[in-house]
>>> print(open('input17.pdb').read())   # PDB, C-alpha atoms
ATOM      1  CA  MET A   1     -48.586  22.090  23.948  1.00  0.00           C
ATOM      2  CA  LEU A   2     -48.910  18.286  23.697  1.00  0.00           C
ATOM      3  CA  TYR A   3     -46.303  18.266  20.927  1.00  0.00           C
ATOM      4  CA  SER A   4     -43.913  20.274  23.133  1.00  0.00           C
ATOM      5  CA  ARG A   5     -44.363  17.798  26.017  1.00  0.00           C
ATOM      6  CA  LYS A   6     -43.543  14.882  23.751  1.00  0.00           C
ATOM      7  CA  ILE A   7     -40.313  16.546  22.636  1.00  0.00           C
ATOM      8  CA  THR A   8     -39.393  17.295  26.250  1.00  0.00           C
ATOM      9  CA  LEU A   9     -40.016  13.709  27.328  1.00  0.00           C
ATOM     10  CA  MET A  10     -38.004  12.442  24.376  1.00  0.00           C
ATOM     11  CA  LEU A  11     -35.045  14.680  25.259  1.00  0.00           C
ATOM     12  CA  ILE A  12     -35.200  13.574  28.898  1.00  0.00           C
ATOM     13  CA  SER A  13     -35.241   9.921  27.818  1.00  0.00           C
ATOM     14  CA  ILE A  14     -32.264  10.399  25.523  1.00  0.00           C
ATOM     15  CA  THR A  15     -30.356  12.154  28.312  1.00  0.00           C
ATOM     16  CA  LEU A  16     -31.099   9.373  30.794  1.00  0.00           C
ATOM     17  CA  ILE A  17     -30.036   6.708  28.324  1.00  0.00           C
ATOM     18  CA  GLY A  18     -26.815   8.619  27.667  1.00  0.00           C
ATOM     19  CA  VAL A  19     -26.071   8.943  31.374  1.00  0.00           C
ATOM     20  CA  ALA A  20     -26.798   5.249  31.924  1.00  0.00           C
ATOM     21  CA  LEU A  21     -24.494   4.305  29.079  1.00  0.00           C
ATOM     22  CA  LEU A  22     -21.756   6.600  30.386  1.00  0.00           C
ATOM     23  CA  VAL A  23     -21.987   5.082  33.852  1.00  0.00           C
ATOM     24  CA  SER A  24     -22.023   1.564  32.436  1.00  0.00           C
ATOM     25  CA  VAL A  25     -18.929   2.162  30.313  1.00  0.00           C
ATOM     26  CA  ASN A  26     -16.904   3.945  32.976  1.00  0.00           C
ATOM     27  CA  TYR A  27     -17.940   2.520  36.330  1.00  0.00           C
ATOM     28  CA  THR A  28     -19.140  -1.061  35.901  1.00  0.00           C
ATOM     29  CA  ASP A  29     -17.576  -4.339  34.839  1.00  0.00           C
ATOM     30  CA  ALA A  30     -19.722  -4.471  31.698  1.00  0.00           C
ATOM     31  CA  CYS A  31     -17.080  -2.685  29.599  1.00  0.00           C
ATOM     32  CA  ARG A  32     -13.910  -3.940  31.239  1.00  0.00           C
ATOM     33  CA  LEU A  33     -11.262  -4.635  28.616  1.00  0.00           C
ATOM     34  CA  SER A  34     -10.990  -8.363  27.948  1.00  0.00           C
ATOM     35  CA  GLU A  35      -9.726  -8.662  24.361  1.00  0.00           C
ATOM     36  CA  VAL A  36      -7.205  -6.867  22.138  1.00  0.00           C
ATOM     37  CA  THR A  37      -6.567  -7.570  18.472  1.00  0.00           C
ATOM     38  CA  LEU A  38      -3.603  -6.467  16.385  1.00  0.00           C
ATOM     39  CA  ASN A  39      -4.290  -6.459  12.642  1.00  0.00           C
ATOM     40  CA  HIS A  40      -7.317  -8.724  13.223  1.00  0.00           C
ATOM     41  CA  THR A  41      -5.293 -11.252  15.278  1.00  0.00           C
ATOM     42  CA  PRO A  42      -6.131 -11.668  19.005  1.00  0.00           C
ATOM     43  CA  ILE A  43      -3.192 -10.880  21.288  1.00  0.00           C
ATOM     44  CA  GLU A  44      -2.500 -13.158  24.229  1.00  0.00           C
ATOM     45  CA  LYS A  45      -1.354 -11.558  27.506  1.00  0.00           C
ATOM     46  CA  TRP A  46      -2.110  -8.088  26.168  1.00  0.00           C
ATOM     47  CA  ASP A  47      -2.063  -6.725  29.715  1.00  0.00           C
ATOM     48  CA  GLU A  48       1.628  -7.610  30.047  1.00  0.00           C
ATOM     49  CA  GLY A  49       3.284  -6.509  26.819  1.00  0.00           C
ATOM     50  CA  LEU A  50       1.166  -3.545  25.680  1.00  0.00           C
ATOM     51  CA  GLY A  51       0.814  -1.549  28.880  1.00  0.00           C
ATOM     52  CA  LEU A  52      -2.976  -1.968  28.971  1.00  0.00           C
ATOM     53  CA  LYS A  53      -4.913  -2.496  32.204  1.00  0.00           C
ATOM     54  CA  SER A  54      -7.068  -5.557  32.756  1.00  0.00           C
ATOM     55  CA  ASP A  55      -9.008  -3.850  35.566  1.00  0.00           C
ATOM     56  CA  ALA A  56      -9.966  -0.702  33.652  1.00  0.00           C
ATOM     57  CA  PRO A  57     -12.803   0.060  31.201  1.00  0.00           C
ATOM     58  CA  ILE A  58     -11.852   0.184  27.545  1.00  0.00           C
ATOM     59  CA  VAL A  59     -12.354   3.971  27.412  1.00  0.00           C
ATOM     60  CA  ARG A  60      -9.855   4.473  30.246  1.00  0.00           C
ATOM     61  CA  GLN A  61      -6.987   2.553  28.709  1.00  0.00           C
ATOM     62  CA  PRO A  62      -3.678   4.360  27.987  1.00  0.00           C
ATOM     63  CA  ILE A  63      -4.086   4.073  24.230  1.00  0.00           C
ATOM     64  CA  ASP A  64      -1.881   7.125  23.579  1.00  0.00           C
ATOM     65  CA  ASN A  65       1.023   5.312  25.190  1.00  0.00           C
ATOM     66  CA  LEU A  66       0.162   2.176  23.216  1.00  0.00           C
ATOM     67  CA  ALA A  67       0.176   4.076  19.919  1.00  0.00           C
ATOM     68  CA  ALA A  68       3.450   5.811  20.789  1.00  0.00           C
ATOM     69  CA  SER A  69       5.164   2.527  21.616  1.00  0.00           C
ATOM     70  CA  LEU A  70       3.972   0.839  18.417  1.00  0.00           C
ATOM     71  CA  ILE A  71       5.008   3.716  16.153  1.00  0.00           C
ATOM     72  CA  GLU A  72       8.574   3.414  17.454  1.00  0.00           C
ATOM     73  CA  ALA A  73       9.013   0.196  15.457  1.00  0.00           C
ATOM     74  CA  SER A  74      10.976   0.760  12.265  1.00  0.00           C
ATOM     75  CA  ASP A  75       8.332  -0.912  10.084  1.00  0.00           C
ATOM     76  CA  VAL A  76       5.290   0.871  11.564  1.00  0.00           C
ATOM     77  CA  PHE A  77       4.256   4.191  10.015  1.00  0.00           C
ATOM     78  CA  LYS A  78       0.619   4.489  11.077  1.00  0.00           C
ATOM     79  CA  VAL A  79      -1.401   3.231  14.049  1.00  0.00           C
ATOM     80  CA  ASP A  80      -5.222   3.169  14.285  1.00  0.00           C
ATOM     81  CA  ILE A  81      -6.976   2.182  17.508  1.00  0.00           C
ATOM     82  CA  SER A  82     -10.736   1.665  17.762  1.00  0.00           C
ATOM     83  CA  TYR A  83     -13.124   0.571  20.515  1.00  0.00           C
ATOM     84  CA  ARG A  84     -15.459  -2.375  20.028  1.00  0.00           C
ATOM     85  CA  LEU A  85     -18.053  -2.309  22.781  1.00  0.00           C
ATOM     86  CA  PRO A  86     -18.461  -3.829  25.198  1.00  0.00           C
ATOM     87  CA  ASN A  87     -14.911  -5.033  25.914  1.00  0.00           C
ATOM     88  CA  ARG A  88     -12.551  -5.113  22.918  1.00  0.00           C
ATOM     89  CA  ILE A  89      -9.923  -2.825  21.440  1.00  0.00           C
ATOM     90  CA  ASP A  90      -8.806  -3.268  17.839  1.00  0.00           C
ATOM     91  CA  VAL A  91      -5.364  -2.055  16.791  1.00  0.00           C
ATOM     92  CA  ARG A  92      -4.308  -1.777  13.148  1.00  0.00           C
ATOM     93  CA  THR A  93      -0.890  -0.764  11.897  1.00  0.00           C
ATOM     94  CA  ASN A  94      -0.016   0.636   8.477  1.00  0.00           C
ATOM     95  CA  ASN A  95      -3.680   0.719   7.551  1.00  0.00           C
ATOM     96  CA  PHE A  96      -3.377   3.089   4.606  1.00  0.00           C
ATOM     97  CA  LYS A  97      -6.122   3.722   2.082  1.00  0.00           C
ATOM     98  CA  PRO A  98      -4.589   3.648  -1.412  1.00  0.00           C
ATOM     99  CA  VAL A  99      -5.817   6.240  -3.891  1.00  0.00           C
ATOM    100  CA  CYS A 100      -4.546   4.124  -6.810  1.00  0.00           C
ATOM    101  CA  PHE A 101      -2.356   1.097  -7.477  1.00  0.00           C
ATOM    102  CA  LEU A 102       1.119   0.492  -8.864  1.00  0.00           C
ATOM    103  CA  LEU A 103       2.242  -2.648 -10.668  1.00  0.00           C
ATOM    104  CA  ASP A 104       5.966  -2.835  -9.973  1.00  0.00           C
ATOM    105  CA  ALA A 105       7.887  -3.157 -13.240  1.00  0.00           C
ATOM    106  CA  GLY A 106      10.652  -5.098 -11.502  1.00  0.00           C
ATOM    107  CA  SER A 107       8.843  -7.730  -9.457  1.00  0.00           C
ATOM    108  CA  GLY A 108       5.390  -7.709 -11.033  1.00  0.00           C
ATOM    109  CA  ARG A 109       3.928  -7.197  -7.552  1.00  0.00           C
ATOM    110  CA  LEU A 110       0.932  -4.944  -6.969  1.00  0.00           C
ATOM    111  CA  PHE A 111       1.251  -2.112  -4.429  1.00  0.00           C
ATOM    112  CA  GLY A 112      -0.927   0.755  -3.290  1.00  0.00           C
ATOM    113  CA  LEU A 113      -0.094   4.442  -3.539  1.00  0.00           C
ATOM    114  CA  THR A 114      -1.170   6.970  -0.896  1.00  0.00           C
ATOM    115  CA  GLU A 115      -2.227  10.569  -1.525  1.00  0.00           C
ATOM    116  CA  GLN A 116       1.440  11.526  -1.173  1.00  0.00           C
ATOM    117  CA  ALA A 117       2.358   8.837  -3.753  1.00  0.00           C
ATOM    118  CA  ARG A 118       4.108   6.701  -1.138  1.00  0.00           C
ATOM    119  CA  VAL A 119       4.280   2.976  -1.837  1.00  0.00           C
ATOM    120  CA  VAL A 120       2.289   0.806   0.605  1.00  0.00           C
ATOM    121  CA  LEU A 121       1.603  -2.891   0.966  1.00  0.00           C
ATOM    122  CA  LEU A 122      -1.946  -4.062   0.327  1.00  0.00           C
ATOM    123  CA  ASP A 123      -2.018  -6.736   3.034  1.00  0.00           C
ATOM    124  CA  ASN A 124      -3.673  -4.547   5.645  1.00  0.00           C
ATOM    125  CA  CYS A 125      -5.344  -1.859   3.538  1.00  0.00           C
ATOM    126  CA  ASP A 126      -8.954  -0.956   2.875  1.00  0.00           C
ATOM    127  CA  LEU A 127      -9.161  -1.529  -0.860  1.00  0.00           C
ATOM    128  CA  ASP A 128     -11.271   0.043  -3.584  1.00  0.00           C
ATOM    129  CA  TRP A 129     -10.567  -1.773  -6.849  1.00  0.00           C
ATOM    130  CA  GLU A 130     -12.161   0.986  -8.925  1.00  0.00           C
ATOM    131  CA  HIS A 131      -8.929   2.986  -8.619  1.00  0.00           C
ATOM    132  CA  PRO A 132      -6.616   2.997 -11.687  1.00  0.00           C
ATOM    133  CA  ILE A 133      -3.384   1.005 -11.941  1.00  0.00           C
ATOM    134  CA  ILE A 134      -0.087   2.686 -12.864  1.00  0.00           C
ATOM    135  CA  THR A 135       2.273   0.385 -14.813  1.00  0.00           C
ATOM    136  CA  SER A 136       5.845   0.422 -16.186  1.00  0.00           C
ATOM    137  CA  ALA A 137       7.324   2.103 -13.094  1.00  0.00           C
ATOM    138  CA  MET A 138       9.587   0.764 -10.340  1.00  0.00           C
ATOM    139  CA  ALA A 139       7.964   0.743  -6.918  1.00  0.00           C
ATOM    140  CA  GLY A 140      11.100   1.339  -4.870  1.00  0.00           C
ATOM    141  CA  PRO A 141      11.115   0.886  -1.074  1.00  0.00           C
ATOM    142  CA  VAL A 142       7.859   0.376   0.814  1.00  0.00           C
ATOM    143  CA  PHE A 143       6.634   3.697   2.299  1.00  0.00           C
ATOM    144  CA  GLY A 144       9.087   5.500   0.048  1.00  0.00           C
ATOM    145  CA  LEU A 145       8.582   7.432  -3.185  1.00  0.00           C
ATOM    146  CA  CYS A 146       9.025   6.012  -6.680  1.00  0.00           C
ATOM    147  CA  SER A 147      12.151   7.044  -8.528  1.00  0.00           C
ATOM    148  CA  ASP A 148       9.994   8.084 -11.504  1.00  0.00           C
ATOM    149  CA  ALA A 149       8.811  11.582 -10.550  1.00  0.00           C
ATOM    150  CA  ARG A 150       5.859  11.231 -12.919  1.00  0.00           C
ATOM    151  CA  VAL A 151       4.180   8.861 -10.459  1.00  0.00           C
ATOM    152  CA  GLY A 152       3.690  11.659  -7.911  1.00  0.00           C
ATOM    153  CA  VAL A 153       2.481  14.007 -10.656  1.00  0.00           C
ATOM    154  CA  ILE A 154      -0.045  11.441 -11.896  1.00  0.00           C
ATOM    155  CA  VAL A 155      -1.324  10.676  -8.386  1.00  0.00           C
ATOM    156  CA  ARG A 156      -2.026  14.368  -7.738  1.00  0.00           C
ATOM    157  CA  GLN A 157      -3.761  14.728 -11.092  1.00  0.00           C
ATOM    158  CA  LEU A 158      -5.844  11.612 -10.464  1.00  0.00           C
ATOM    159  CA  GLN A 159      -7.057  13.011  -7.159  1.00  0.00           C
ATOM    160  CA  TRP A 160      -8.133  16.216  -8.889  1.00  0.00           C
ATOM    161  CA  LEU A 161      -9.978  14.169 -11.504  1.00  0.00           C
ATOM    162  CA  HIS A 162     -11.571  12.000  -8.820  1.00  0.00           C
ATOM    163  CA  ARG A 163     -12.998  15.091  -7.126  1.00  0.00           C
ATOM    164  CA  ASN A 164     -14.092  16.962 -10.242  1.00  0.00           C
ATOM    165  CA  ASN A 165     -15.008  14.321 -12.833  1.00  0.00           C
ATOM    166  CA  ASN A 166     -15.555  11.038 -11.069  1.00  0.00           C
ATOM    167  CA  ASP A 167     -17.315   9.408 -14.031  1.00  0.00           C
ATOM    168  CA  LEU A 168     -14.222   9.867 -16.185  1.00  0.00           C
ATOM    169  CA  TYR A 169     -11.976   8.831 -13.314  1.00  0.00           C
ATOM    170  CA  ARG A 170     -13.791   5.521 -12.930  1.00  0.00           C
ATOM    171  CA  LEU A 171     -13.293   4.740 -16.615  1.00  0.00           C
ATOM    172  CA  ILE A 172      -9.497   4.787 -16.280  1.00  0.00           C
ATOM    173  CA  ASP A 173      -8.130   1.243 -16.089  1.00  0.00           C
ATOM    174  CA  GLU A 174      -4.400   1.681 -16.654  1.00  0.00           C
ATOM    175  CA  ILE A 175      -1.824   4.458 -16.915  1.00  0.00           C
ATOM    176  CA  ASP A 176       1.303   3.175 -18.634  1.00  0.00           C
ATOM    177  CA  LEU A 177       4.504   5.111 -17.877  1.00  0.00           C
ATOM    178  CA  GLY A 178       6.632   3.086 -20.290  1.00  0.00           C
ATOM    179  CA  TYR A 179       7.157   6.010 -22.662  1.00  0.00           C
ATOM    180  CA  GLU A 180       9.516   8.965 -22.224  1.00  0.00           C
ATOM    181  CA  SER A 181       7.484  11.808 -23.727  1.00  0.00           C
ATOM    182  CA  TYR A 182       3.965  10.792 -22.696  1.00  0.00           C
ATOM    183  CA  VAL A 183       1.881   8.395 -20.627  1.00  0.00           C
ATOM    184  CA  GLN A 184      -0.564   6.018 -22.262  1.00  0.00           C
ATOM    185  CA  VAL A 185      -4.047   5.667 -20.793  1.00  0.00           C
ATOM    186  CA  ALA A 186      -6.401   2.705 -21.220  1.00  0.00           C
ATOM    187  CA  LEU A 187     -10.087   3.414 -20.691  1.00  0.00           C
ATOM    188  CA  SER A 188     -12.607   0.749 -19.764  1.00  0.00           C
ATOM    189  CA  GLY A 189     -14.456  -0.611 -22.792  1.00  0.00           C
ATOM    190  CA  LEU A 190     -12.501   1.402 -25.381  1.00  0.00           C
ATOM    191  CA  PRO A 191     -10.161  -0.383 -27.851  1.00  0.00           C
ATOM    192  CA  TYR A 192      -7.815   2.592 -28.331  1.00  0.00           C
ATOM    193  CA  ARG A 193      -5.295   4.248 -25.999  1.00  0.00           C
ATOM    194  CA  LEU A 194      -4.836   7.927 -25.170  1.00  0.00           C
ATOM    195  CA  LYS A 195      -1.473   9.684 -25.213  1.00  0.00           C
ATOM    196  CA  VAL A 196      -1.287  12.523 -22.695  1.00  0.00           C
ATOM    197  CA  ARG A 197       1.408  14.443 -20.851  1.00  0.00           C
ATOM    198  CA  ALA A 198       1.837  13.568 -17.177  1.00  0.00           C
ATOM    199  CA  GLU A 199       1.883  17.210 -16.086  1.00  0.00           C
ATOM    200  CA  ASN A 200      -1.325  17.945 -18.064  1.00  0.00           C
ATOM    201  CA  PHE A 201      -3.031  14.647 -17.317  1.00  0.00           C
ATOM    202  CA  HIS A 202      -6.417  15.807 -16.030  1.00  0.00           C
ATOM    203  CA  LYS A 203      -6.618  18.709 -18.540  1.00  0.00           C
ATOM    204  CA  GLU A 204      -5.983  16.527 -21.578  1.00  0.00           C
ATOM    205  CA  MET A 205      -8.263  13.770 -20.291  1.00  0.00           C
ATOM    206  CA  ASN A 206     -11.099  16.284 -20.002  1.00  0.00           C
ATOM    207  CA  GLU A 207     -10.298  17.615 -23.480  1.00  0.00           C
ATOM    208  CA  PHE A 208     -10.723  14.078 -24.808  1.00  0.00           C
ATOM    209  CA  VAL A 209     -14.230  13.912 -23.296  1.00  0.00           C
ATOM    210  CA  THR A 210     -15.070  17.288 -24.853  1.00  0.00           C
ATOM    211  CA  PHE A 211     -13.711  16.145 -28.227  1.00  0.00           C
ATOM    212  CA  VAL A 212     -15.794  12.956 -28.278  1.00  0.00           C
ATOM    213  CA  GLY A 213     -18.935  14.597 -26.891  1.00  0.00           C
ATOM    214  CA  ARG A 214     -18.905  17.660 -29.157  1.00  0.00           C
ATOM    215  CA  PHE A 215     -17.811  16.188 -32.460  1.00  0.00           C
ATOM    216  CA  ALA A 216     -18.872  12.522 -32.166  1.00  0.00           C
ATOM    217  CA  PRO A 217     -15.939  11.417 -34.356  1.00  0.00           C
ATOM    218  CA  ASP A 218     -15.925   8.060 -36.107  1.00  0.00           C
ATOM    219  CA  LEU A 219     -13.227   6.202 -34.141  1.00  0.00           C
ATOM    220  CA  ASP A 220     -13.806   2.793 -35.680  1.00  0.00           C
ATOM    221  CA  GLY A 221     -10.435   1.053 -36.048  1.00  0.00           C
ATOM    222  CA  VAL A 222      -8.518   3.790 -34.174  1.00  0.00           C
ATOM    223  CA  THR A 223      -5.684   2.391 -32.038  1.00  0.00           C
ATOM    224  CA  SER A 224      -4.499   5.572 -30.298  1.00  0.00           C
ATOM    225  CA  ILE A 225      -5.480   9.223 -29.828  1.00  0.00           C
ATOM    226  CA  ASP A 226      -2.754  11.762 -29.135  1.00  0.00           C
ATOM    227  CA  MET A 227      -4.002  14.630 -26.948  1.00  0.00           C
ATOM    228  CA  ARG A 228      -0.659  16.344 -26.328  1.00  0.00           C
ATOM    229  CA  PHE A 229      -0.981  19.149 -28.863  1.00  0.00           C
ATOM    230  CA  ASP A 230      -2.962  22.271 -28.012  1.00  0.00           C
ATOM    231  CA  ALA A 231      -4.508  22.840 -31.437  1.00  0.00           C
ATOM    232  CA  MET A 232      -4.525  19.343 -32.852  1.00  0.00           C
ATOM    233  CA  ILE A 233      -5.716  15.827 -31.987  1.00  0.00           C
ATOM    234  CA  ILE A 234      -4.003  12.977 -33.813  1.00  0.00           C
ATOM    235  CA  CYS A 235      -5.771   9.640 -34.301  1.00  0.00           C
ATOM    236  CA  ALA A 236      -3.696   6.640 -35.379  1.00  0.00           C
ATOM    237  CA  GLY A 237      -5.366   3.886 -37.392  1.00  0.00           C
ATOM    238  CA  GLY A 238      -9.015   4.225 -38.270  1.00  0.00           C
ATOM    239  CA  LYS A 239     -10.508   4.389 -41.738  1.00  0.00           C
ATOM    240  CA  SER A 240      -8.055   5.041 -44.543  1.00  0.00           C
TER     241      SER A 240
END
>>> encode(input="input17.pdb", output="structure tokens")
Amino acid sequence: MLYSRKITLMLISITLIGVALLVSVNYTDACRLSEVTLNHTPIEKWDEGLGLKSDAPIVRQPIDNLAASLIEASDVFKVDISYRLPNRIDVRTNNFKPVCFLLDAGSGRLFGLTEQARVVLLDNCDLDWEHPIITSAMAGPVFGLCSDARVGVIVRQLQWLHRNNNDLYRLIDEIDLGYESYVQVALSGLPYRLKVRAENFHKEMNEFVTFVGRFAPDLDGVTSIDMRFDAMIICAGGKS
């Protein structure tokens, strides 16, 4: 009975705190909007150019209209708006989360690739440097697709590998697309490279793990391992 009373009192307290917070946010000056940032930069006169209201709480601002107006710009493809209590709204544009990276073969510049394999700038992204880097491919236009169709194939295969064998995924440093009939994969800490087909990327990468784990081959001096053949694995170099 005493235990039940304690739970009841706790629930009542939580409810009262929630009501007090709701009233404070919506009906007092404590949470009146006083600051707006765009891509981490404070905006001056935000109540004039963005359609926001200086006399309204942050949760009652017309953020849908704000997002719609920003997305109309030709160089804006994504808008994220978040509240920062008690009185700030943060706006971020083109804040994509890359699933891997692309080193542009033309400019040498590093870009991110989204889940749809679209090219994005890294200036305003949340970055995870454990993702692999794709090399020897042209980036093409920002927010567009690479002209090399293998990039999209590799990105989809990498996502599958990330979900189903994350340990192997995290070992992948580089995927080199500079070869017509295969892609070359560099694994962290290993001196040799793997040759796999783009369309069978995750399958042949997993077969490599099975090959090494089951047979424990002596790979001393090996420079490359070709995984493209169903019934045969070819090692170049090694002991003569």
>>> atom_distance(input="input17.pdb", atom1="atom CA of Gly106 of chain A", atom2="atom CA of Gln159 of chain A")
25.7 Å
>>> residues_around(input="input17.pdb", residues="Ala139 of chain A", least_positions_apart="4", cutoff="9 Å", atoms="only C-alpha atoms", output="list in words")
Leu102, Leu103, Asp104, Ala105, Gly106, Ser107, Arg109, Phe111, Val119, Gly144, Leu145, Cys146, Ser147 and Asp148 of chain A
>>> resolve_selection(input="input17.pdb", expression="the PyMOL selection byres ((chain A and resi 179) around 12)", output="PyMOL selection string")
chain A and resi 135-137+148+150+175-178+180-185+195-198
>>> write_last_selection(input="input17.pdb", atoms="C-alpha atoms", output="PDB file, keeping the file's coordinate frame")
ATOM      1  CA  THR A 135       2.273   0.385 -14.813  1.00  0.00           C
ATOM      2  CA  SER A 136       5.845   0.422 -16.186  1.00  0.00           C
ATOM      3  CA  ALA A 137       7.324   2.103 -13.094  1.00  0.00           C
ATOM      4  CA  ASP A 148       9.994   8.084 -11.504  1.00  0.00           C
ATOM      5  CA  ARG A 150       5.859  11.231 -12.919  1.00  0.00           C
ATOM      6  CA  ILE A 175      -1.824   4.458 -16.915  1.00  0.00           C
ATOM      7  CA  ASP A 176       1.303   3.175 -18.634  1.00  0.00           C
ATOM      8  CA  LEU A 177       4.504   5.111 -17.877  1.00  0.00           C
ATOM      9  CA  GLY A 178       6.632   3.086 -20.290  1.00  0.00           C
ATOM     10  CA  GLU A 180       9.516   8.965 -22.224  1.00  0.00           C
ATOM     11  CA  SER A 181       7.484  11.808 -23.727  1.00  0.00           C
ATOM     12  CA  TYR A 182       3.965  10.792 -22.696  1.00  0.00           C
ATOM     13  CA  VAL A 183       1.881   8.395 -20.627  1.00  0.00           C
ATOM     14  CA  GLN A 184      -0.564   6.018 -22.262  1.00  0.00           C
ATOM     15  CA  VAL A 185      -4.047   5.667 -20.793  1.00  0.00           C
ATOM     16  CA  LYS A 195      -1.473   9.684 -25.213  1.00  0.00           C
ATOM     17  CA  VAL A 196      -1.287  12.523 -22.695  1.00  0.00           C
ATOM     18  CA  ARG A 197       1.408  14.443 -20.851  1.00  0.00           C
ATOM     19  CA  ALA A 198       1.837  13.568 -17.177  1.00  0.00           C
TER      20      ALA A 198
END
>>> closest_residue(input="input17.pdb", among="A:Leu121, A:Ile133, A:Met232, A:Val151", to="Arg170 of chain A", atoms="all atoms listed in the file")
A:Ile133
>>> residues_around(input="input17.pdb", residues="Val99 of chain A", least_positions_apart="4", cutoff="8 Å", atoms="all atoms listed in the file", output="NGL selection string")
:A and (112-115 or 131 or 155 or 159)
>>> closest_residue(input="input17.pdb", among="A:Asn39, A:Ser69, A:Leu33, A:Asp55", to="Cys125 of chain A", atoms="all atoms listed in the file")
A:Asn39
>>> resolve_selection(input="input17.pdb", expression="the PyMOL selection byres ((chain A and resi 234) around 12)", output="PyMOL selection string")
chain A and resi 193-196+208+211+219+222-233+235-238
>>> resolve_selection(input="input17.pdb", expression="the PyMOL selection byres ((chain A and resi 79) around 10)", output="PyMOL selection string")
chain A and resi 66-68+70-71+76-78+80-81+91-96
>>> residues_around(input="input17.pdb", residues="Leu187 of chain A", least_positions_apart="6", cutoff="7 Å", atoms="all atoms listed in the file", output="list in words")
Leu171, Ile172 and Asp173 of chain A
>>> atom_distance(input="input17.pdb", atom1="atom CA of Leu161 of chain A", atom2="atom CA of Glu199 of chain A")
13.1 Å
>>> atom_distance(input="input17.pdb", atom1="atom CA of Cys100 of chain A", atom2="atom CA of Leu127 of chain A")
9.4 Å
>>> residues_around(input="input17.pdb", residues="Asp90 of chain A", least_positions_apart="2", cutoff="8 Å", atoms="all atoms listed in the file", output="PDB file with C-alpha atoms, keeping the file's coordinate frame")
ATOM      1  CA  VAL A  36      -7.205  -6.867  22.138  1.00  0.00           C
ATOM      2  CA  THR A  37      -6.567  -7.570  18.472  1.00  0.00           C
ATOM      3  CA  LEU A  38      -3.603  -6.467  16.385  1.00  0.00           C
ATOM      4  CA  ASN A  39      -4.290  -6.459  12.642  1.00  0.00           C
ATOM      5  CA  HIS A  40      -7.317  -8.724  13.223  1.00  0.00           C
ATOM      6  CA  ILE A  81      -6.976   2.182  17.508  1.00  0.00           C
ATOM      7  CA  SER A  82     -10.736   1.665  17.762  1.00  0.00           C
ATOM      8  CA  TYR A  83     -13.124   0.571  20.515  1.00  0.00           C
ATOM      9  CA  ARG A  84     -15.459  -2.375  20.028  1.00  0.00           C
ATOM     10  CA  ARG A  88     -12.551  -5.113  22.918  1.00  0.00           C
ATOM     11  CA  ARG A  92      -4.308  -1.777  13.148  1.00  0.00           C
TER      12      ARG A  92
END
>>> closest_residue(input="input17.pdb", among="A:Ser74, A:Ile43, A:Glu174, A:Pro86", to="Cys31 of chain A", atoms="all atoms listed in the file")
A:Pro86
>>> closest_residue(input="input17.pdb", among="A:Asp75, A:Asp167, A:Glu48, A:Glu204", to="Ser188 of chain A", atoms="only C-alpha atoms")
A:Asp167
